[in-house]
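Asker: Contents of query-v2.cif (mmCIF, C-alpha atoms) are below:
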data_data
loop_
_atom_site.label_atom_id
_atom_site.label_comp_id
_atom_site.auth_asym_id
_atom_site.auth_seq_id
_atom_site.Cartn_x
_atom_site.Cartn_y
_atom_site.Cartn_z
CA MET A 1 94.22 79.59 77.75
CA LYS A 2 93.51 76.66 80.06
CA LEU A 3 90.30 75.89 78.21
CA ASN A 4 92.16 75.86 74.89
CA ALA A 5 94.75 73.42 76.27
CA LEU A 6 91.91 71.19 77.45
CA LYS A 7 90.15 71.39 74.09
CA LEU A 8 93.40 70.58 72.28
CA SER A 9 94.07 67.62 74.59
CA ARG A 10 90.55 66.36 74.00
CA TYR A 11 90.93 66.40 70.21
CA LEU A 12 94.41 64.89 70.43
CA VAL A 13 93.16 62.04 72.65
CA ILE A 14 90.28 61.34 70.23
CA VAL A 15 92.69 61.24 67.26
CA LEU A 16 95.14 58.97 69.14
CA TYR A 17 92.29 56.71 70.27
CA TRP A 18 91.10 56.12 66.70
CA LEU A 19 94.66 55.86 65.39
CA ASN A 20 95.33 53.14 67.98
CA ILE A 21 92.20 51.21 66.96
CA ASN A 22 93.02 51.51 63.26
CA LEU A 23 96.61 50.39 63.80
CA ALA A 24 95.42 47.40 65.83
CA ILE A 25 92.96 46.49 63.05
CA ALA A 26 95.75 46.84 60.45
CA PHE A 27 97.99 44.54 62.54
CA VAL A 28 95.21 41.95 62.88
CA VAL A 29 94.58 42.10 59.12
CA ALA A 30 98.31 41.68 58.43
CA LEU A 31 98.51 38.73 60.85
CA ALA A 32 95.50 37.08 59.20
CA TRP A 33 96.94 37.75 55.76
CA PHE A 34 100.32 36.20 56.68
CA ALA A 35 98.54 33.22 58.27
CA PHE A 36 96.18 32.38 55.41
CA SER A 37 98.26 33.53 52.46
CA PRO A 38 101.95 33.71 53.43
CA HIS A 39 103.29 33.28 49.87
CA TRP A 40 103.80 36.96 49.08
CA ILE A 41 105.59 37.90 52.31
CA GLU A 42 107.61 34.67 52.21
CA SER A 43 108.78 35.40 48.67
CA VAL A 44 109.74 38.98 49.60
CA LEU A 45 111.66 37.83 52.70
CA THR A 46 113.30 34.92 50.86
CA LEU A 47 114.49 37.30 48.16
CA LYS A 48 116.06 39.56 50.78
CA TYR A 49 117.39 37.12 53.40
CA GLY A 50 117.41 33.70 51.77
CA ALA A 51 115.07 30.76 52.48
CA VAL A 52 116.48 29.78 55.92
CA ARG A 53 116.42 33.22 57.50
CA ALA A 54 113.11 34.16 55.83
CA THR A 55 111.06 31.81 58.05
CA ALA A 56 112.68 33.20 61.22
CA ALA A 57 112.22 36.77 59.95
CA LEU A 58 108.53 36.09 59.30
CA ASP A 59 108.15 34.72 62.83
CA LEU A 60 109.77 37.89 64.11
CA ILE A 61 107.39 40.08 62.10
CA ARG A 62 104.42 38.04 63.34
CA GLY A 63 105.68 38.45 66.91
CA ALA A 64 106.00 42.21 66.49
CA LEU A 65 102.49 42.44 65.01
CA ALA A 66 101.03 40.33 67.83
CA TYR A 67 102.85 42.58 70.33
CA GLY A 68 101.22 45.59 68.65
CA VAL A 69 97.75 44.04 68.86
CA VAL A 70 98.12 43.02 72.52
CA THR A 71 99.52 46.39 73.65
CA ALA A 72 96.80 48.27 71.72
CA ILE A 73 94.31 47.09 74.38
CA PRO A 74 95.92 48.86 77.39
CA VAL A 75 96.78 51.86 75.20
CA GLY A 76 93.11 52.10 74.14
CA MET A 77 91.99 51.80 77.76
CA LEU A 78 94.44 54.52 78.80
CA LEU A 79 93.25 56.90 76.10
CA GLY A 80 89.59 56.11 76.84
CA MET A 81 90.03 56.86 80.54
CA LEU A 82 91.99 60.03 79.78
CA PHE A 83 89.11 61.16 77.56
CA GLN A 84 86.57 60.46 80.31
CA MET A 85 88.71 62.41 82.79
CA ILE A 86 88.92 65.37 80.41
CA GLU A 87 85.12 65.24 80.13
CA THR A 88 84.76 65.48 83.92
CA VAL A 89 87.01 68.57 83.90
CA ARG A 90 84.82 70.09 81.17
CA GLU A 91 81.72 69.38 83.26
CA GLY A 92 83.38 71.06 86.25
CA THR A 93 83.46 67.94 88.45
CA PRO A 94 86.97 66.47 88.22
CA PHE A 95 87.29 65.66 91.93
CA ILE A 96 85.15 62.54 91.93
CA ALA A 97 86.03 59.11 93.29
CA ILE A 98 85.96 57.46 89.86
CA ASN A 99 88.76 59.74 88.61
CA ALA A 100 91.00 58.59 91.47
CA ARG A 101 90.22 54.98 90.50
CA ARG A 102 90.87 55.79 86.83
CA LEU A 103 94.29 57.27 87.66
CA ARG A 104 95.24 54.22 89.73
CA LEU A 105 94.17 51.87 86.91
CA MET A 106 96.09 54.03 84.42
CA GLY A 107 99.16 53.61 86.63
CA TRP A 108 98.79 49.82 86.49
CA LEU A 109 98.26 49.93 82.71
CA VAL A 110 101.40 52.02 82.16
CA LEU A 111 103.27 49.60 84.41
CA ALA A 112 101.95 46.65 82.34
CA LEU A 113 103.02 48.41 79.13
CA GLN A 114 106.48 49.02 80.58
CA LEU A 115 106.75 45.31 81.43
CA ALA A 116 105.58 44.42 77.93
CA ASP A 117 108.27 46.76 76.56
CA LEU A 118 110.89 44.46 78.07
CA VAL A 119 110.12 42.01 75.25
CA LEU A 120 111.38 44.47 72.62
CA PRO A 121 115.12 44.26 73.39
CA TRP A 122 114.89 40.46 73.06
CA MET A 123 113.30 40.89 69.65
CA SER A 124 116.14 43.26 68.71
CA ILE A 125 118.78 40.78 69.85
CA TYR A 126 117.09 38.00 67.86
CA ALA A 127 116.86 40.26 64.79
CA HIS A 128 120.56 41.15 65.05
CA LYS A 129 121.42 37.49 65.41
CA LEU A 130 119.55 36.79 62.18
CA SER A 131 121.05 39.91 60.56
CA VAL A 132 117.54 41.10 59.77
CA ASP A 133 116.76 44.82 59.38
CA TRP A 134 115.09 45.94 62.58
CA VAL A 135 114.20 49.19 64.29
CA ASP A 136 115.90 49.07 67.68
CA SER A 137 114.05 50.34 70.72
CA THR A 138 115.88 52.02 73.55
CA PRO A 139 114.92 51.32 77.19
CA ASN A 140 112.48 53.98 78.33
CA ILE A 141 112.75 55.21 81.91
CA MET A 142 110.03 57.82 81.43
CA GLY A 143 107.31 55.18 81.33
CA TRP A 144 108.31 53.90 84.79
CA LEU A 145 108.29 57.47 86.10
CA ILE A 146 104.87 58.11 84.54
CA ALA A 147 103.48 54.99 86.25
CA LEU A 148 104.85 56.27 89.56
CA LEU A 149 103.42 59.73 88.89
CA LEU A 150 99.99 58.24 88.13
CA PHE A 151 99.94 56.28 91.40
CA VAL A 152 100.87 59.42 93.34
CA LEU A 153 98.27 61.48 91.45
CA ALA A 154 95.63 58.82 92.16
CA ARG A 155 96.35 59.21 95.89
CA ILE A 156 96.24 63.01 95.64
CA PHE A 157 92.91 62.76 93.81
CA ALA A 158 91.48 60.43 96.45
CA GLU A 159 92.47 62.97 99.13
CA GLY A 160 90.99 65.76 96.99
CA VAL A 161 87.70 63.86 96.70
CA ALA A 162 87.53 63.45 100.51
CA MET A 163 88.28 67.17 100.99
CA ARG A 164 85.67 68.15 98.44
CA ASP A 165 83.06 65.96 100.18
CA ASP A 166 83.90 67.73 103.44
CA LEU A 167 83.58 71.12 101.82
CA GLU A 168 80.33 70.32 100.06
CA GLY A 169 78.16 70.75 103.17
CA THR A 170 80.10 73.76 104.47
CA VAL A 171 78.22 77.05 104.64
CA MET B 1 72.56 65.80 113.55
CA PRO B 2 72.75 66.44 117.30
CA VAL B 3 73.82 70.08 116.69
CA LEU B 4 70.76 72.14 115.75
CA VAL B 5 70.71 75.53 114.07
CA ARG B 6 68.02 77.86 115.42
CA LEU B 7 68.12 80.55 112.80
CA ASP B 8 64.33 81.03 112.75
CA GLU B 9 64.12 82.33 116.32
CA GLN B 10 66.81 84.94 115.78
CA LEU B 11 65.28 86.01 112.47
CA HIS B 12 61.92 86.39 114.18
CA LYS B 13 63.48 88.46 116.97
CA GLN B 14 65.01 90.85 114.44
CA ARG B 15 61.86 90.79 112.25
CA MET B 16 63.99 89.74 109.32
CA THR B 17 63.40 87.34 106.44
CA LEU B 18 65.93 84.80 105.22
CA THR B 19 66.19 86.67 101.91
CA GLU B 20 67.00 89.89 103.75
CA LEU B 21 69.62 88.13 105.86
CA SER B 22 71.09 86.61 102.73
CA GLU B 23 71.46 90.07 101.16
CA ARG B 24 73.00 91.58 104.29
CA VAL B 25 75.52 88.83 105.08
CA GLY B 26 76.43 88.14 101.46
CA ILE B 27 75.67 84.42 101.61
CA THR B 28 73.41 82.88 98.98
CA LEU B 29 69.84 82.09 99.92
CA ALA B 30 70.47 78.48 98.94
CA ASN B 31 73.35 78.17 101.42
CA LEU B 32 71.39 79.89 104.19
CA SER B 33 68.50 77.49 103.56
CA ILE B 34 70.91 74.57 103.92
CA LEU B 35 72.02 76.03 107.26
CA LYS B 36 68.46 76.73 108.41
CA THR B 37 67.17 73.26 107.59
CA GLY B 38 70.06 71.58 109.39
CA LYS B 39 71.53 70.04 106.23
CA ALA B 40 74.91 71.78 106.60
CA LYS B 41 77.88 69.60 107.58
CA ALA B 42 80.02 72.53 108.78
CA VAL B 43 79.81 76.28 109.36
CA ARG B 44 82.68 78.66 108.64
CA PHE B 45 83.63 81.08 111.42
CA SER B 46 83.27 83.88 108.86
CA THR B 47 79.66 82.82 108.17
CA LEU B 48 78.88 82.66 111.88
CA GLU B 49 80.50 86.04 112.41
CA ALA B 50 78.49 87.66 109.60
CA ILE B 51 75.18 86.20 110.81
CA CYS B 52 75.86 87.16 114.45
CA ARG B 53 76.77 90.70 113.39
CA VAL B 54 73.58 91.18 111.38
CA LEU B 55 71.26 89.41 113.83
CA GLN B 56 73.03 90.97 116.86
CA CYS B 57 73.36 87.68 118.67
CA GLN B 58 76.00 85.23 119.92
CA PRO B 59 76.96 81.94 118.22
CA GLY B 60 75.40 80.21 121.22
CA ASP B 61 72.05 81.77 120.33
CA LEU B 62 72.19 80.03 116.96
CA LEU B 63 73.65 76.63 117.80
CA PHE B 64 72.18 74.04 120.16
CA PHE B 65 73.41 70.61 121.05
CA GLU B 66 70.83 67.89 121.53
CA ASP B 67 72.12 64.59 122.91
CA ASP B 68 70.74 61.15 122.09
CA GLU B 69 68.06 61.37 124.81
CA GLY B 70 66.64 64.42 123.09
CA GLU B 71 67.70 66.81 125.86
CA ALA B 72 68.80 70.16 124.45
CA HIS B 73 71.88 71.95 125.80
CA HIS B 74 72.76 75.51 125.00
CA VAL B 75 76.19 75.78 123.37
CA ASP B 76 78.17 78.57 125.02
#
Now that the file is in, can you turn its structure into C-alpha cells?
Answerer:
Amino acid sequence: MKLNALKLSRYLVIVLYWLNINLAIAFVVALAWFAFSPHWIESVLTLKYGAVRATAALDLIRGALAYGVVTAIPVGMLLGMLFQMIETVREGTPFIAINARRLRLMGWLVLALQLADLVLPWMSIYAHKLSVDWVDSTPNIMGWLIALLLFVLARIFAEGVAMRDDLEGTV
Amino acid sequence: MPVLVRLDEQLHKQRMTLTELSERVGITLANLSILKTGKAKAVRFSTLEAICRVLQCQPGDLLFFEDDEGEAHHVD
C-alpha cells in the first residue's frame, strides 16, 4: 500500500514537472508573440474593451504571463527536489543529510512563492479598476503553513540523520 | 578507539569460531566482524548479554580500555 502511494506520487510529480515546464514555455512563447506581433491580441482586446483600456489590459496579461514564467522556476525546483527525495525513499536511504537540506530549501521556495502570491491581489484590483475580466485569487494560508511544516520537517530530518549515523556503527 | 574488543581470546577459550558464535547469538557474521575488528561505534546491552551468555564470560572480559599512553586497563 505504501509502495503504491510512493509510485503514484512519483508519477504525479513527473507529470507535474513536465506540465510546469510546458506551461512556462507556452507563457514565454505568448510573451514573445505579444512583443513581436501584438496586432492580433491588440485587436481582440480593443474589440472587447475599447482602445484606451486595451493597452492596459495587454500590460496586465503580460504581467500575469511574466509572473507565471518567474514562478515556474521555484515550482520546477520544488518538484525536482521532491522527485529526488522520492528516489531516496525508493533506494531505502531517505535519512541522508541532503534530504534535510532539500526540505529546508523547499521551505524557502514555498515562502518565496507565497511572497510572490502577494502580487496577485494587486493585479486583481487593477483589473477591477479597468473593468477587465479577471480570475480573482483568494489569499492562501495553506502555503504559509506548508512552508512552516517544511522547515520543521527539515529539522526533524537533520535529527534523524544524526540518529541514523549513531545507529550505523551499533552492533 | 581507546576501548578495545577482545573477542578473539574468549572465542579461543571456548574453542568457538566467529561463525558458530554468530549462529548461537543470532547476530549476523558481518556485525560480529565489525565488533571484532573494533569498527563498531556502540554495543547494545542485548548484544553483550547474548555474547557473554554463549561465551560464558563477563562484559569486562570482552572490553578493555586503553588510554593515550597505550596502557591497557581492564573494564570492570
Asker: Residues of chain B near chain A: apply a cut-off of 9 Å, count all atoms listed in the file, and supply the list as an MDAnalysis selection string.
Answerer: chainID B and resid 27 31:32 34:35 39:44 47
Asker: Show which residues sit within 8 Å of Leu113 (chain A), as a PyMOL selection string. Count all atoms listed in the file, and ignore same-chain residues fewer than 3 positions away.
Answerer: chain A and resi 71+74+109-110+116-117
Asker: So which residues touch region 33-43 of chain A within 12 Å, counting only C-alpha atoms, skipping near sequence neighbours fewer than 2 positions away, as a list in words?
Answerer: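 Close residues of region 33-43 of chain A: Ala26, Phe27, Val28, Val29, Ala30, Leu31, Leu45, Thr46, Leu47, Lys48, Tyr49, Gly50, Ala51, Val52, Arg53, Ala54, Thr55, Ala56, Ala57, Leu58, Asp59, Ile61, Arg62, Gly63, Leu65 and Ala66 of chain A.
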Asker: So which one's closest to Leu4 (chain B), B:Gly38, B:Glu23, B:Asp68, B:Thr17? Using all atoms listed in the file, please.
Answerer: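 Smallest separation from Leu4 (chain B) among the options: B:Gly38.
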Asker: Could you expand the PyMOL selection byres ((chain A and resi 111) around 10) into the explicit residues it covers here, written as a PDB file with C-alpha atoms, in the coordinates of the input?
Answerer:
ATOM      1  CA  LEU A 105      94.170  51.870  86.910  1.00  0.00           C
ATOM      2  CA  MET A 106      96.090  54.030  84.420  1.00  0.00           C
ATOM      3  CA  GLY A 107      99.160  53.610  86.630  1.00  0.00           C
ATOM      4  CA  TRP A 108      98.790  49.820  86.490  1.00  0.00           C
ATOM      5  CA  LEU A 109      98.260  49.930  82.710  1.00  0.00           C
ATOM      6  CA  VAL A 110     101.400  52.020  82.160  1.00  0.00           C
ATOM      7  CA  ALA A 112     101.950  46.650  82.340  1.00  0.00           C
ATOM      8  CA  LEU A 113     103.020  48.410  79.130  1.00  0.00           C
ATOM      9  CA  GLN A 114     106.480  49.020  80.580  1.00  0.00           C
ATOM     10  CA  LEU A 115     106.750  45.310  81.430  1.00  0.00           C
ATOM     11  CA  ALA A 116     105.580  44.420  77.930  1.00  0.00           C
ATOM     12  CA  ASP A 117     108.270  46.760  76.560  1.00  0.00           C
ATOM     13  CA  GLY A 143     107.310  55.180  81.330  1.00  0.00           C
ATOM     14  CA  TRP A 144     108.310  53.900  84.790  1.00  0.00           C
ATOM     15  CA  LEU A 145     108.290  57.470  86.100  1.00  0.00           C
ATOM     16  CA  ILE A 146     104.870  58.110  84.540  1.00  0.00           C
ATOM     17  CA  ALA A 147     103.480  54.990  86.250  1.00  0.00           C
ATOM     18  CA  LEU A 148     104.850  56.270  89.560  1.00  0.00           C
ATOM     19  CA  LEU A 150      99.990  58.240  88.130  1.00  0.00           C
TER      20      LEU A 150
END
Asker: Could you state which residues are captured by the PyMOL selection byres ((chain B and resi 50) around 12) in this file, as a PyMOL selection string?
Answerer: (chain A and resi 171) or (chain B and resi 21-27+32+43-49+51-59)
Asker: For Ala158 (chain A), which residue out of A:Arg104, A:Ile73, A:Leu16, A:Asn22 is the nearest one, using all atoms listed in the file?
Answerer: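 Distance minimum relative to Ala158 (chain A) lands on A:Arg104.
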Asker: Please measure the separation of CA of Ile86 (chain A) and CA of Lys7 (chain A), giving the value in Å to one decimal.
Answerer: 8.8 Å
Asker: So what do you get for CA of Tyr67 (chain A) versus CA of Ala24 (chain A), distance-wise?
Answerer: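 About the pair CA of Tyr67 (chain A) and CA of Ala24 (chain A): they are 9.9 Å apart.
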Asker: Hey, could you patch up region 110-136 of chain A with N, CA, C and O atoms and hand it over as a PDB file, in the frame of the given file?
Answerer:
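The file below, selection05.pdb, is the result:
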ATOM      1  N   VAL A 110     100.087  51.546  82.611  1.00  0.00           N
ATOM      2  CA  VAL A 110     101.400  52.020  82.160  1.00  0.00           C
ATOM      3  C   VAL A 110     102.481  51.053  82.629  1.00  0.00           C
ATOM      4  O   VAL A 110     103.410  50.724  81.881  1.00  0.00           O
ATOM      5  N   LEU A 111     102.310  50.574  83.859  1.00  0.00           N
ATOM      6  CA  LEU A 111     103.270  49.600  84.410  1.00  0.00           C
ATOM      7  C   LEU A 111     103.268  48.314  83.555  1.00  0.00           C
ATOM      8  O   LEU A 111     104.330  47.775  83.222  1.00  0.00           O
ATOM      9  N   ALA A 112     102.072  47.860  83.178  1.00  0.00           N
ATOM     10  CA  ALA A 112     101.950  46.650  82.340  1.00  0.00           C
ATOM     11  C   ALA A 112     102.609  46.884  80.979  1.00  0.00           C
ATOM     12  O   ALA A 112     103.301  45.999  80.457  1.00  0.00           O
ATOM     13  N   LEU A 113     102.405  48.089  80.423  1.00  0.00           N
ATOM     14  CA  LEU A 113     103.020  48.410  79.130  1.00  0.00           C
ATOM     15  C   LEU A 113     104.541  48.456  79.239  1.00  0.00           C
ATOM     16  O   LEU A 113     105.245  48.015  78.326  1.00  0.00           O
ATOM     17  N   GLN A 114     105.034  48.974  80.363  1.00  0.00           N
ATOM     18  CA  GLN A 114     106.480  49.020  80.580  1.00  0.00           C
ATOM     19  C   GLN A 114     107.049  47.597  80.666  1.00  0.00           C
ATOM     20  O   GLN A 114     108.123  47.320  80.128  1.00  0.00           O
ATOM     21  N   LEU A 115     106.310  46.714  81.334  1.00  0.00           N
ATOM     22  CA  LEU A 115     106.750  45.310  81.430  1.00  0.00           C
ATOM     23  C   LEU A 115     106.728  44.652  80.061  1.00  0.00           C
ATOM     24  O   LEU A 115     107.637  43.900  79.710  1.00  0.00           O
ATOM     25  N   ALA A 116     105.678  44.979  79.289  1.00  0.00           N
ATOM     26  CA  ALA A 116     105.580  44.420  77.930  1.00  0.00           C
ATOM     27  C   ALA A 116     106.723  44.931  77.051  1.00  0.00           C
ATOM     28  O   ALA A 116     107.208  44.205  76.175  1.00  0.00           O
ATOM     29  N   ASP A 117     107.162  46.163  77.327  1.00  0.00           N
ATOM     30  CA  ASP A 117     108.270  46.760  76.560  1.00  0.00           C
ATOM     31  C   ASP A 117     109.571  45.972  76.725  1.00  0.00           C
ATOM     32  O   ASP A 117     110.464  46.078  75.886  1.00  0.00           O
ATOM     33  N   LEU A 118     109.665  45.216  77.831  1.00  0.00           N
ATOM     34  CA  LEU A 118     110.890  44.460  78.070  1.00  0.00           C
ATOM     35  C   LEU A 118     111.107  43.359  77.020  1.00  0.00           C
ATOM     36  O   LEU A 118     112.220  42.840  76.877  1.00  0.00           O
ATOM     37  N   VAL A 119     110.033  43.035  76.308  1.00  0.00           N
ATOM     38  CA  VAL A 119     110.120  42.010  75.250  1.00  0.00           C
ATOM     39  C   VAL A 119     110.915  42.554  74.049  1.00  0.00           C
ATOM     40  O   VAL A 119     111.628  41.807  73.372  1.00  0.00           O
ATOM     41  N   LEU A 120     110.794  43.868  73.821  1.00  0.00           N
ATOM     42  CA  LEU A 120     111.380  44.470  72.620  1.00  0.00           C
ATOM     43  C   LEU A 120     112.896  44.288  72.479  1.00  0.00           C
ATOM     44  O   LEU A 120     113.363  43.956  71.389  1.00  0.00           O
ATOM     45  N   PRO A 121     113.674  44.495  73.556  1.00  0.00           N
ATOM     46  CA  PRO A 121     115.120  44.260  73.390  1.00  0.00           C
ATOM     47  C   PRO A 121     115.448  42.824  72.975  1.00  0.00           C
ATOM     48  O   PRO A 121     116.375  42.607  72.193  1.00  0.00           O
ATOM     49  N   TRP A 122     114.673  41.862  73.467  1.00  0.00           N
ATOM     50  CA  TRP A 122     114.890  40.460  73.060  1.00  0.00           C
ATOM     51  C   TRP A 122     114.634  40.267  71.574  1.00  0.00           C
ATOM     52  O   TRP A 122     115.346  39.520  70.905  1.00  0.00           O
ATOM     53  N   MET A 123     113.602  40.943  71.092  1.00  0.00           N
ATOM     54  CA  MET A 123     113.300  40.890  69.650  1.00  0.00           C
ATOM     55  C   MET A 123     114.468  41.477  68.854  1.00  0.00           C
ATOM     56  O   MET A 123     114.854  40.945  67.820  1.00  0.00           O
ATOM     57  N   SER A 124     114.995  42.602  69.372  1.00  0.00           N
ATOM     58  CA  SER A 124     116.140  43.260  68.710  1.00  0.00           C
ATOM     59  C   SER A 124     117.338  42.333  68.653  1.00  0.00           C
ATOM     60  O   SER A 124     117.988  42.210  67.608  1.00  0.00           O
ATOM     61  N   ILE A 125     117.623  41.691  69.786  1.00  0.00           N
ATOM     62  CA  ILE A 125     118.780  40.780  69.850  1.00  0.00           C
ATOM     63  C   ILE A 125     118.614  39.650  68.826  1.00  0.00           C
ATOM     64  O   ILE A 125     119.534  39.316  68.084  1.00  0.00           O
ATOM     65  N   TYR A 126     117.398  39.100  68.796  1.00  0.00           N
ATOM     66  CA  TYR A 126     117.090  38.000  67.860  1.00  0.00           C
ATOM     67  C   TYR A 126     117.266  38.473  66.422  1.00  0.00           C
ATOM     68  O   TYR A 126     117.848  37.766  65.588  1.00  0.00           O
ATOM     69  N   ALA A 127     116.757  39.702  66.148  1.00  0.00           N
ATOM     70  CA  ALA A 127     116.860  40.260  64.790  1.00  0.00           C
ATOM     71  C   ALA A 127     118.317  40.455  64.385  1.00  0.00           C
ATOM     72  O   ALA A 127     118.691  40.163  63.251  1.00  0.00           O
ATOM     73  N   HIS A 128     119.135  40.947  65.342  1.00  0.00           N
ATOM     74  CA  HIS A 128     120.560  41.150  65.050  1.00  0.00           C
ATOM     75  C   HIS A 128     121.262  39.817  64.780  1.00  0.00           C
ATOM     76  O   HIS A 128     122.116  39.722  63.919  1.00  0.00           O
ATOM     77  N   LYS A 129     120.843  38.822  65.555  1.00  0.00           N
ATOM     78  CA  LYS A 129     121.420  37.490  65.410  1.00  0.00           C
ATOM     79  C   LYS A 129     121.145  36.934  64.008  1.00  0.00           C
ATOM     80  O   LYS A 129     121.984  36.275  63.404  1.00  0.00           O
ATOM     81  N   LEU A 130     119.947  37.243  63.519  1.00  0.00           N
ATOM     82  CA  LEU A 130     119.550  36.790  62.180  1.00  0.00           C
ATOM     83  C   LEU A 130     120.071  37.708  61.072  1.00  0.00           C
ATOM     84  O   LEU A 130     119.881  37.424  59.891  1.00  0.00           O
ATOM     85  N   SER A 131     120.641  38.843  61.498  1.00  0.00           N
ATOM     86  CA  SER A 131     121.050  39.910  60.560  1.00  0.00           C
ATOM     87  C   SER A 131     119.868  40.391  59.737  1.00  0.00           C
ATOM     88  O   SER A 131     119.955  40.569  58.520  1.00  0.00           O
ATOM     89  N   VAL A 132     118.762  40.598  60.416  1.00  0.00           N
ATOM     90  CA  VAL A 132     117.540  41.100  59.770  1.00  0.00           C
ATOM     91  C   VAL A 132     117.414  42.578  60.097  1.00  0.00           C
ATOM     92  O   VAL A 132     117.737  42.999  61.207  1.00  0.00           O
ATOM     93  N   ASP A 133     116.965  43.376  59.114  1.00  0.00           N
ATOM     94  CA  ASP A 133     116.760  44.820  59.380  1.00  0.00           C
ATOM     95  C   ASP A 133     115.700  44.991  60.453  1.00  0.00           C
ATOM     96  O   ASP A 133     114.601  44.421  60.349  1.00  0.00           O
ATOM     97  N   TRP A 134     116.014  45.795  61.460  1.00  0.00           N
ATOM     98  CA  TRP A 134     115.090  45.940  62.580  1.00  0.00           C
ATOM     99  C   TRP A 134     115.226  47.323  63.195  1.00  0.00           C
ATOM    100  O   TRP A 134     116.338  47.861  63.263  1.00  0.00           O
ATOM    101  N   VAL A 135     114.133  47.888  63.612  1.00  0.00           N
ATOM    102  CA  VAL A 135     114.200  49.190  64.290  1.00  0.00           C
ATOM    103  C   VAL A 135     114.414  48.922  65.778  1.00  0.00           C
ATOM    104  O   VAL A 135     113.554  48.349  66.436  1.00  0.00           O
ATOM    105  N   ASP A 136     115.598  49.321  66.260  1.00  0.00           N
ATOM    106  CA  ASP A 136     115.900  49.070  67.680  1.00  0.00           C
ATOM    107  C   ASP A 136     115.110  50.009  68.573  1.00  0.00           C
ATOM    108  O   ASP A 136     114.856  51.152  68.224  1.00  0.00           O
TER     109      ASP A 136
END
